[in-house]
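Remarks on the structure that follows.
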Amino acid sequence: WAAPNQVNISADLNVQGPTINKDIYGQFAEHLGRGIYEGLWVGKESSIPNTKGFRNDVVNALKAIQVPLVRWPGGCFADEYHWRDGIGDSKKRPIKVNTHWGGVEEDNAVGTHEFFDLVELLGADAYINGNLGSGSVQEMAEWMEYMTSDKRSSIANERRKNGREEPWDIAYFGIGNESWGCGGHMTPDYYTDLYRQYATFLKTPPGKKPKLVGSGGHTEDTSWTDILSTNIKRDLDGISYHFYTLPNSNWQNKGHATEFDYIDWFKTLERTMRIDTYLKENIAKLERNDPQGKIDLYVDEWGTWYDPEEGREPGFLYQQNTLRDAIVAAVNFNIFHQYAERVTMTNIAQMVNVLQAMILTDKEEMVLTPTYHAYGLYKVFQDATSIPFNINSDKYSHENQSLPAITASIAKGKDGRVYIALVNLDPKNAGKVTLNLKGTDASRLSGQVLTSSYITDKNTFKDKDMVKPHPFNANINDVSIPPKSIVVAAIL
Ligand code: AHR
């Protein structure tokens, strides 16, 4: 191989940037395929060890990476979900058809109470996505009342009768999802009027109001961010934005999850890094329309999306996950950190068994994906204070396109330590990192590295630990990182 990629990073560790909101590490759990049912929920009667119906192995693994936030029940599913179907005696709940995802029967075993059980088990906050597309203002308003009211109203009493005395806390509430598409094929102007109407009637006790999320645009489109932030003058805390990484940038031929070559590797990383420009463009609209910074940008769906796995129901969006996915995740974390002032919440799609999952399950078995380990490494960045830095990296190129070979983050963690993350996108060449750090007499880096022998390496039910973190230690004057790797280390 050629000489290692050189990267120079300089920073004054006494300078503070914005906080990296822990909710940047949020997760999405939709009623889709085997995500909720089987992946998380097995039911209280299952022989798979569970607490309140949620499998213990999966919950414990998710707790270990400190999932801060879970978005539920969709996605496209949210705009067909009627919350009353999911409360009361589970045996009497109606059976619906999940028209978006495989046309399967949805027996509503997981509803509002069960979702809050899940987030309580995880120690996470709740992000509920309401139904604007096929619901009504009254239905959405009553769901909010059911969840948050501390009064003796009949709706709040219904919650008590169903087993929950205290109102729940909701961190975020989405008013519709992808309203440009599965959420109703609306124009941003039409949606804006509906948003204002729906938001008006979402009443909560004082101090209990969730952050309200407007359904925004995706990919290169900035019109939703622009029109919503111009025309919604109250009750809008953030605008959602979705971006998926398809290696071929083509919905008919997205690319294979596990069989790929160096060119596909490059194309995947090139596609994922486009989010940098797209975020910048959306943030520019917000800066212009909302200079006081009241409206955030929430990337509440992102991640890799490959062709369906052979032999599986295509509507279940099940895909394997390789070292490439972990690198995609870490590259995105580094980008989100750069925009931490406005990008304060994101949700990877999705938590278990769907798209770029943390965990795959097969009956009582569970396997942690490389993406899971990327989240594990980066958990020190949750609520850390970012430290601005300059970076000058050699390029990683293919034909006439090039990417930075190495991207990074630096932040002061809640434990008072300064952490650096380094991602080497180049699958063939190591990285030689020169650090010019002011405000520290640190002498070494100590942390973990995630890499593997081959770009396609993955964890399977037969070989669960092929891709897993290993200790990383280096003298601060002599830092080298392997090809295709993620390093997160404390500067000591
Ligand atoms: O994450 C899968 C789907 O992707 C979601 O339901 C939808 O919002 C998006 O199109």
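Within each chain, counting starts at residue 1; across the structure tokens, chains are named A, B, ... in the order shown, with ligands numbered 1 upward in that order.
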Any idea what's packed within 12 Å of Glu120 in chain A, counting only C-alpha atoms, ignoring anything in its chain fewer than 2 positions away? Could you give it as a compact mmCIF listing (two decimals) with N, CA and C atoms, in the first residue's frame?
# COMPACT_ATOMS: atom_id res chain seq x y z
N THR A 51 -38.77 -8.65 30.56
CA THR A 51 -39.35 -7.83 31.62
C THR A 51 -40.50 -7.06 30.98
N LYS A 52 -41.66 -7.25 31.53
CA LYS A 52 -42.88 -6.62 30.99
C LYS A 52 -43.02 -6.88 29.49
N PHE A 54 -40.58 -7.22 27.22
CA PHE A 54 -39.42 -6.81 26.41
C PHE A 54 -38.22 -7.68 26.76
N VAL A 59 -32.65 -5.39 25.80
CA VAL A 59 -32.74 -4.18 26.63
C VAL A 59 -31.39 -3.93 27.34
N LYS A 63 -29.04 -0.69 26.94
CA LYS A 63 -28.67 0.14 28.10
C LYS A 63 -27.16 0.39 28.13
N VAL A 67 -28.70 4.38 25.26
CA VAL A 67 -29.65 4.98 24.31
C VAL A 67 -30.41 6.10 25.03
N PRO A 68 -30.30 7.35 24.54
CA PRO A 68 -30.92 8.44 25.29
C PRO A 68 -32.37 8.69 24.94
N LEU A 69 -32.78 8.23 23.74
CA LEU A 69 -34.09 8.65 23.21
C LEU A 69 -34.58 7.59 22.23
N VAL A 70 -35.88 7.29 22.29
CA VAL A 70 -36.45 6.35 21.32
C VAL A 70 -37.65 7.00 20.63
N HIS A 113 -48.76 2.23 26.63
CA HIS A 113 -48.22 1.84 27.94
C HIS A 113 -46.96 0.99 27.76
N GLU A 114 -47.00 0.10 26.78
CA GLU A 114 -45.83 -0.77 26.58
C GLU A 114 -44.64 0.06 26.10
N PHE A 115 -44.89 1.04 25.23
CA PHE A 115 -43.76 1.86 24.77
C PHE A 115 -43.12 2.59 25.95
N PHE A 116 -43.95 3.13 26.82
CA PHE A 116 -43.34 3.82 27.97
C PHE A 116 -42.64 2.83 28.91
N ASP A 117 -43.13 1.59 28.99
CA ASP A 117 -42.38 0.58 29.75
C ASP A 117 -40.99 0.42 29.16
N LEU A 118 -40.94 0.36 27.82
CA LEU A 118 -39.65 0.16 27.14
C LEU A 118 -38.70 1.31 27.47
N LEU A 122 -35.12 1.18 29.47
CA LEU A 122 -33.85 1.63 28.85
C LEU A 122 -33.25 2.82 29.57
N GLY A 123 -34.06 3.52 30.38
CA GLY A 123 -33.60 4.78 30.97
C GLY A 123 -33.50 5.86 29.91
N ALA A 124 -34.36 5.75 28.89
CA ALA A 124 -34.32 6.71 27.77
C ALA A 124 -35.51 7.65 27.84
N ASP A 125 -35.47 8.69 27.03
CA ASP A 125 -36.61 9.60 26.89
C ASP A 125 -37.48 9.14 25.71
N ALA A 126 -38.71 9.66 25.71
CA ALA A 126 -39.68 9.24 24.70
C ALA A 126 -39.86 10.31 23.62
N TRP A 168 -47.00 10.59 31.97
CA TRP A 168 -45.63 10.34 31.50
C TRP A 168 -45.01 11.65 31.02
N ASP A 169 -43.70 11.64 30.94
CA ASP A 169 -42.98 12.76 30.31
C ASP A 169 -42.72 12.39 28.85
N ILE A 170 -42.94 13.34 27.99
CA ILE A 170 -42.61 13.13 26.57
C ILE A 170 -41.56 14.18 26.21
What's around range 307-323 of chain A at 8 Å? Count only C-alpha atoms, leave out sequence neighbours fewer than 4 positions away in its own chain, and write the answer as an MDAnalysis selection string. chainID A and resid 32:34 100:102 253:258 327 353:357 369:371 451:452 455:459 467
Enumerate the residues of range 91-278 of chain A with a DSSP assignment of helix (DSSP H, G or I), computed from the backbone, and present them as a PyMOL selection string. chain A and resi 91-92+112-122+137-148+154-161+188-200+223-231+262-278
Let me have all residues with an atom within 10 Å of ligand 1, counting only C-alpha atoms and all ligand atoms, laid out as a short mmCIF file (atom, residue, chain, number, x, y, z; two decimals) with N, CA and C atoms, in the first residue's frame.
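Below you can see part-v5.cif, which holds the result:
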data_model
loop_
_atom_site.label_atom_id
_atom_site.label_comp_id
_atom_site.auth_asym_id
_atom_site.auth_seq_id
_atom_site.Cartn_x
_atom_site.Cartn_y
_atom_site.Cartn_z
N PHE A 28 -34.48 5.00 16.47
CA PHE A 28 -35.82 4.94 15.90
C PHE A 28 -36.32 3.50 15.99
N ALA A 29 -37.52 3.32 16.51
CA ALA A 29 -38.12 1.97 16.61
C ALA A 29 -39.55 2.04 16.07
N GLU A 30 -39.72 1.54 14.87
CA GLU A 30 -41.02 1.62 14.20
C GLU A 30 -41.70 0.26 14.22
N HIS A 31 -43.01 0.27 14.08
CA HIS A 31 -43.73 -1.00 13.88
C HIS A 31 -43.46 -1.43 12.44
N LEU A 32 -42.39 -2.11 12.25
CA LEU A 32 -41.89 -2.45 10.92
C LEU A 32 -41.12 -3.75 11.02
N PRO A 73 -44.27 5.63 17.09
CA PRO A 73 -44.32 4.27 16.52
C PRO A 73 -43.90 4.25 15.04
N GLY A 74 -43.60 5.37 14.43
CA GLY A 74 -43.11 5.42 13.05
C GLY A 74 -42.52 6.79 12.86
N GLY A 75 -42.01 7.10 11.68
CA GLY A 75 -42.12 6.46 10.41
C GLY A 75 -43.52 6.53 9.76
N CYS A 76 -43.50 5.93 8.57
CA CYS A 76 -44.74 5.88 7.80
C CYS A 76 -45.87 5.28 8.63
N PHE A 77 -45.53 4.35 9.50
CA PHE A 77 -46.56 3.71 10.33
C PHE A 77 -47.30 4.74 11.19
N ALA A 78 -46.59 5.78 11.59
CA ALA A 78 -47.18 6.75 12.53
C ALA A 78 -48.42 7.41 11.94
N ASP A 79 -48.42 7.65 10.63
CA ASP A 79 -49.55 8.36 10.02
C ASP A 79 -50.73 7.45 9.71
N HIS A 100 -47.93 -0.40 5.17
CA HIS A 100 -46.64 0.05 4.65
C HIS A 100 -45.61 -1.06 4.62
N TRP A 101 -45.64 -1.89 5.64
CA TRP A 101 -44.51 -2.78 5.85
C TRP A 101 -44.93 -4.25 5.83
N GLY A 176 -46.92 14.44 12.53
CA GLY A 176 -46.80 13.83 11.20
C GLY A 176 -45.38 13.42 10.89
N ASN A 177 -45.24 12.63 9.85
CA ASN A 177 -43.94 12.14 9.41
C ASN A 177 -43.89 12.12 7.89
N GLU A 178 -42.79 12.57 7.34
CA GLU A 178 -42.62 12.59 5.87
C GLU A 178 -43.92 13.00 5.19
N SER A 179 -44.40 14.16 5.55
CA SER A 179 -45.69 14.61 5.01
C SER A 179 -45.59 14.90 3.52
N GLY A 181 -44.48 12.65 1.59
CA GLY A 181 -44.56 11.33 0.99
C GLY A 181 -45.62 10.49 1.69
N CYS A 182 -45.15 9.42 2.37
CA CYS A 182 -46.11 8.48 2.98
C CYS A 182 -47.03 9.15 3.99
N GLY A 183 -46.65 10.31 4.49
CA GLY A 183 -47.48 11.01 5.49
C GLY A 183 -48.60 11.83 4.88
N SER A 215 -42.71 18.09 10.55
CA SER A 215 -42.22 17.11 9.58
C SER A 215 -41.57 17.86 8.42
N HIS A 218 -36.07 16.13 3.06
CA HIS A 218 -35.10 15.03 3.01
C HIS A 218 -34.08 15.29 1.92
N HIS A 242 -34.66 13.98 6.94
CA HIS A 242 -34.29 12.57 6.76
C HIS A 242 -33.26 12.41 5.63
N PHE A 243 -32.29 11.57 5.89
CA PHE A 243 -31.32 11.27 4.83
C PHE A 243 -30.83 9.84 4.98
N TYR A 244 -31.01 9.06 3.92
CA TYR A 244 -30.55 7.67 3.94
C TYR A 244 -29.33 7.49 3.04
N ASP A 300 -34.17 13.02 12.22
CA ASP A 300 -34.79 11.94 13.01
C ASP A 300 -34.94 10.62 12.24
N GLU A 301 -34.35 10.55 11.05
CA GLU A 301 -34.14 9.26 10.37
C GLU A 301 -32.88 9.37 9.53
N TRP A 302 -31.98 8.46 9.75
CA TRP A 302 -30.77 8.41 8.91
C TRP A 302 -30.16 7.02 9.05
N GLY A 303 -29.26 6.70 8.12
CA GLY A 303 -28.56 5.42 8.18
C GLY A 303 -28.49 4.77 6.81
N THR A 304 -27.89 3.58 6.77
CA THR A 304 -27.75 2.88 5.49
C THR A 304 -29.05 2.15 5.14
N TRP A 305 -29.29 2.06 3.86
CA TRP A 305 -30.48 1.34 3.36
C TRP A 305 -30.03 0.57 2.13
N GLY A 315 -40.54 -6.14 2.54
CA GLY A 315 -41.13 -5.04 3.30
C GLY A 315 -40.65 -4.97 4.74
N PHE A 316 -39.83 -5.92 5.18
CA PHE A 316 -39.36 -5.90 6.57
C PHE A 316 -38.04 -5.14 6.74
N LEU A 317 -37.42 -4.80 5.60
CA LEU A 317 -36.20 -3.98 5.63
C LEU A 317 -35.12 -4.54 6.57
N ASN A 347 -32.03 10.35 15.06
CA ASN A 347 -32.40 8.96 15.35
C ASN A 347 -31.93 8.09 14.21
N ILE A 348 -31.08 7.14 14.51
CA ILE A 348 -30.69 6.20 13.46
C ILE A 348 -31.86 5.27 13.18
N ALA A 349 -32.00 4.89 11.89
CA ALA A 349 -33.06 3.97 11.49
C ALA A 349 -32.40 2.62 11.19
N GLN A 350 -32.75 1.65 12.03
CA GLN A 350 -33.58 1.63 13.21
C GLN A 350 -32.92 0.74 14.26
N VAL A 354 -34.00 -3.86 11.75
CA VAL A 354 -34.51 -3.05 10.63
C VAL A 354 -33.42 -2.07 10.19
N LEU A 355 -33.13 -2.04 8.88
CA LEU A 355 -32.14 -1.12 8.31
C LEU A 355 -30.83 -1.17 9.12
N GLN A 356 -30.26 0.00 9.43
CA GLN A 356 -28.92 -0.01 10.06
C GLN A 356 -29.05 -0.25 11.57
#
Per residue of range 189-267 of chain A within 10 Å of range 149-153 of chain A, what are the shortest atom pair and its distance in Å to one decimal, counting only C-alpha atoms, with rows by chain and residue number, as a tab-separated table?
residue	atom	partner	partner_atom	distance
A:Lys203	CA	A:Ser149	CA	8.8
A:Thr204	CA	A:Ser149	CA	6.4
A:Pro205	CA	A:Ser149	CA	6.3
A:Lys208	CA	A:Ser149	CA	9.1
With a distance cut-off of 7 Å and only C-alpha atoms, select the neighbouring residues of Leu212 in chain A, excluding the residue or stretch itself and same-chain residues fewer than 2 positions from it, and output the selection as a list in words.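 Residues near the query, excluding close chain neighbours: Tyr172, Phe173, Gly174, Pro210, Gly214, Asp235, Leu236, Asp237 and Gly238 of chain A.
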Quick one: pick out all strand (DSSP E) residues within range 218-374 of chain A from a backbone DSSP run and write them as a ChimeraX atom specification. /A:238-245,296-304,343-349,359-362,365-368
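Distance check against Ala421 in chain A using only C-alpha atoms: of A:Leu269, A:Ala374, A:Met466, A:Leu40, the minimum falls on A:Ala374.
Contact shell of range 184-200 of chain A at 7 Å (only C-alpha atoms; same-chain neighbours under 6 positions omitted): A:Gly133, A:Val137, A:Ile175, A:Trp224, A:Ile227, A:Leu228, A:Asn231, A:Ile232, A:Asp235.
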Write to file, as a short mmCIF file (atom, residue, chain, number, x, y, z; two decimals), in the first residue's frame, the residues of the selection just made, with C-alpha atoms.
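Output (selection11.cif):
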data_model
loop_
_atom_site.label_atom_id
_atom_site.label_comp_id
_atom_site.auth_asym_id
_atom_site.auth_seq_id
_atom_site.Cartn_x
_atom_site.Cartn_y
_atom_site.Cartn_z
CA GLY A 133 -51.83 12.03 7.77
CA VAL A 137 -56.82 17.15 15.45
CA ILE A 175 -46.73 16.22 14.15
CA TRP A 224 -39.56 22.29 3.90
CA ILE A 227 -41.18 27.29 4.42
CA LEU A 228 -41.82 25.86 7.90
CA ASN A 231 -44.36 30.53 8.37
CA ILE A 232 -44.63 28.77 11.72
CA ASP A 235 -44.91 26.01 18.97
#
Considering only C-alpha atoms, return as a list in words whatever protein or nucleic-acid residues lie within 10 Å of Ala156 in chain A, sequence-local ones (same chain, fewer than 3 positions apart) excluded. Glu142, Trp143, Met144, Glu145, Tyr146, Met147, Thr148, Ser149, Asp150, Lys151, Arg152, Ser153, Arg159, Arg160, Lys161, Asn162, Arg164, Glu165, Glu166 and Pro167 of chain A
Writer output for current selection, C-alpha atoms, as a compact mmCIF listing (two decimals), in the first residue's frame:
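part27.txt written:
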# COMPACT_ATOMS: atom_id res chain seq x y z
CA GLU A 142 -56.62 13.44 23.15
CA TRP A 143 -53.53 11.25 22.88
CA MET A 144 -51.49 14.10 24.32
CA GLU A 145 -54.03 14.51 27.12
CA TYR A 146 -54.06 10.76 27.80
CA MET A 147 -50.30 10.71 28.20
CA THR A 148 -49.66 13.95 30.07
CA SER A 149 -52.74 15.12 31.98
CA ASP A 150 -52.61 15.18 35.77
CA LYS A 151 -56.30 16.13 36.05
CA ARG A 152 -59.28 13.90 36.74
CA SER A 153 -60.58 14.23 33.20
CA ARG A 159 -55.06 6.02 31.55
CA ARG A 160 -55.32 5.35 35.29
CA LYS A 161 -57.83 2.58 34.70
CA ASN A 162 -55.33 1.07 32.25
CA ARG A 164 -50.80 4.20 34.91
CA GLU A 165 -51.51 6.75 37.65
CA GLU A 166 -48.81 9.33 36.92
CA PRO A 167 -48.64 11.15 33.62
Show me, as a PyMOL selection string, the residues that have an atom within 9 Å of range 275-290 of chain A when counting only C-alpha atoms, minus same-chain residues fewer than 2 positions from it. chain A and resi 218-223+225-226+229-230+241+243+271-273+292-297+332+335-336+339+342-343
Would you mind telling me which residue in A:Phe389, A:Thr19, A:Asp394, A:Asp107 lies nearest to Gly86 in chain A when using only C-alpha atoms?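 Closest to Gly86 in chain A of all the choices is A:Asp107.
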Please provide as a list in words all residues within 9 Å of Val487 in chain A, with the sequence filter that same-chain residues fewer than 3 positions apart are discarded (counting only C-alpha atoms). Leu377, Ile420, Ala421, Leu422, Val423, Asn424, Gly447, Gln448, Val449, Leu450, Thr451, Phe472 and Ile481 of chain A
Write the residues of the preceding selection, restricted to C-alpha atoms, as a PDB file, in the first residue's frame.
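So the final result, stored in out26.pdb, reads:
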ATOM      1  CA  LEU A 377     -17.371   3.990  21.496  1.00  0.00           C
ATOM      2  CA  ILE A 420     -10.870  12.570  20.529  1.00  0.00           C
ATOM      3  CA  ALA A 421     -12.569  10.485  17.853  1.00  0.00           C
ATOM      4  CA  LEU A 422     -10.720   9.637  14.649  1.00  0.00           C
ATOM      5  CA  VAL A 423     -12.282   7.845  11.711  1.00  0.00           C
ATOM      6  CA  ASN A 424     -10.119   6.514   8.912  1.00  0.00           C
ATOM      7  CA  GLY A 447      -9.289   4.258  24.478  1.00  0.00           C
ATOM      8  CA  GLN A 448     -10.625   1.792  21.959  1.00  0.00           C
ATOM      9  CA  VAL A 449     -10.353   1.017  18.270  1.00  0.00           C
ATOM     10  CA  LEU A 450     -12.947  -0.665  16.066  1.00  0.00           C
ATOM     11  CA  THR A 451     -11.648  -2.259  12.878  1.00  0.00           C
ATOM     12  CA  PHE A 472      -6.072   1.521  21.762  1.00  0.00           C
ATOM     13  CA  ILE A 481      -4.607   4.544  13.252  1.00  0.00           C
TER      14      ILE A 481
END
